[in-house]
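Below is one structure, written out as structure tokens, with a few remarks after it.
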Amino acid sequence: KDIIFKLYDVPDGGAALFTETIGVQPATDGTFSVKIGSVTPLDSALFAQQLYLGIAVSGEAEMVPRTQLTPTPCNPPETL
């Protein structure tokens with residue numbers, strides 16, 4: 001399935017600041033993993049503002065509500 005990811009600076013309406021389409025093959029339970037920016041490079045300056053993620057699957061309407069992105073620390077994985 002093709003999934004379209006868009007980043008906005010508003011929770012609804014507005015124009016997308018970033019758009020990327022990624023083809024995914026969901027696992028049997030329907031889950032999948034993607035790295036946004038792996039197809040279309042992201043400009044780090046984009047993250048100097050509040051962003052909202054819009055997602056649409058295979059040409060369907062964008063899901064609502066958009067997800068507000070929040071910063072989280074990025075820790076390296078633990079070694080066992």
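Residue names in the structure tokens use chain letters A, B, ... in the order shown, residue numbers from 1 in each chain, and ligand numbers from 1 in the order shown.
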
Open item on the list: Which residues are close to Glu20 of chain A, i.e. within 12 Å by only C-alpha atoms, leaving aside same-chain residues fewer than 5 positions away? Reply as JSON, numbers by chain.
Closed with: {"A": [2, 3, 4, 5, 6, 7, 34, 35, 36, 37, 38, 39, 40, 41, 42, 53, 54, 55, 56, 57]}

Return as CSV the residues of segment 9-28 of chain A lying at most 12 Å from segment 64-71 of chain A, together with the closest atom-to-atom pair for each and the distance in Å to one decimal, counting only C-alpha atoms, with rows in chain order and ascending residue number.
residue,atom,partner,partner_atom,distance
A:Asp9,CA,A:Gln68,CA,9.4
A:Val10,CA,A:Arg66,CA,9.0
A:Pro11,CA,A:Arg66,CA,6.0
A:Asp12,CA,A:Arg66,CA,7.1
A:Gly13,CA,A:Arg66,CA,10.1
A:Gly14,CA,A:Arg66,CA,11.9
A:Ala16,CA,A:Arg66,CA,11.8
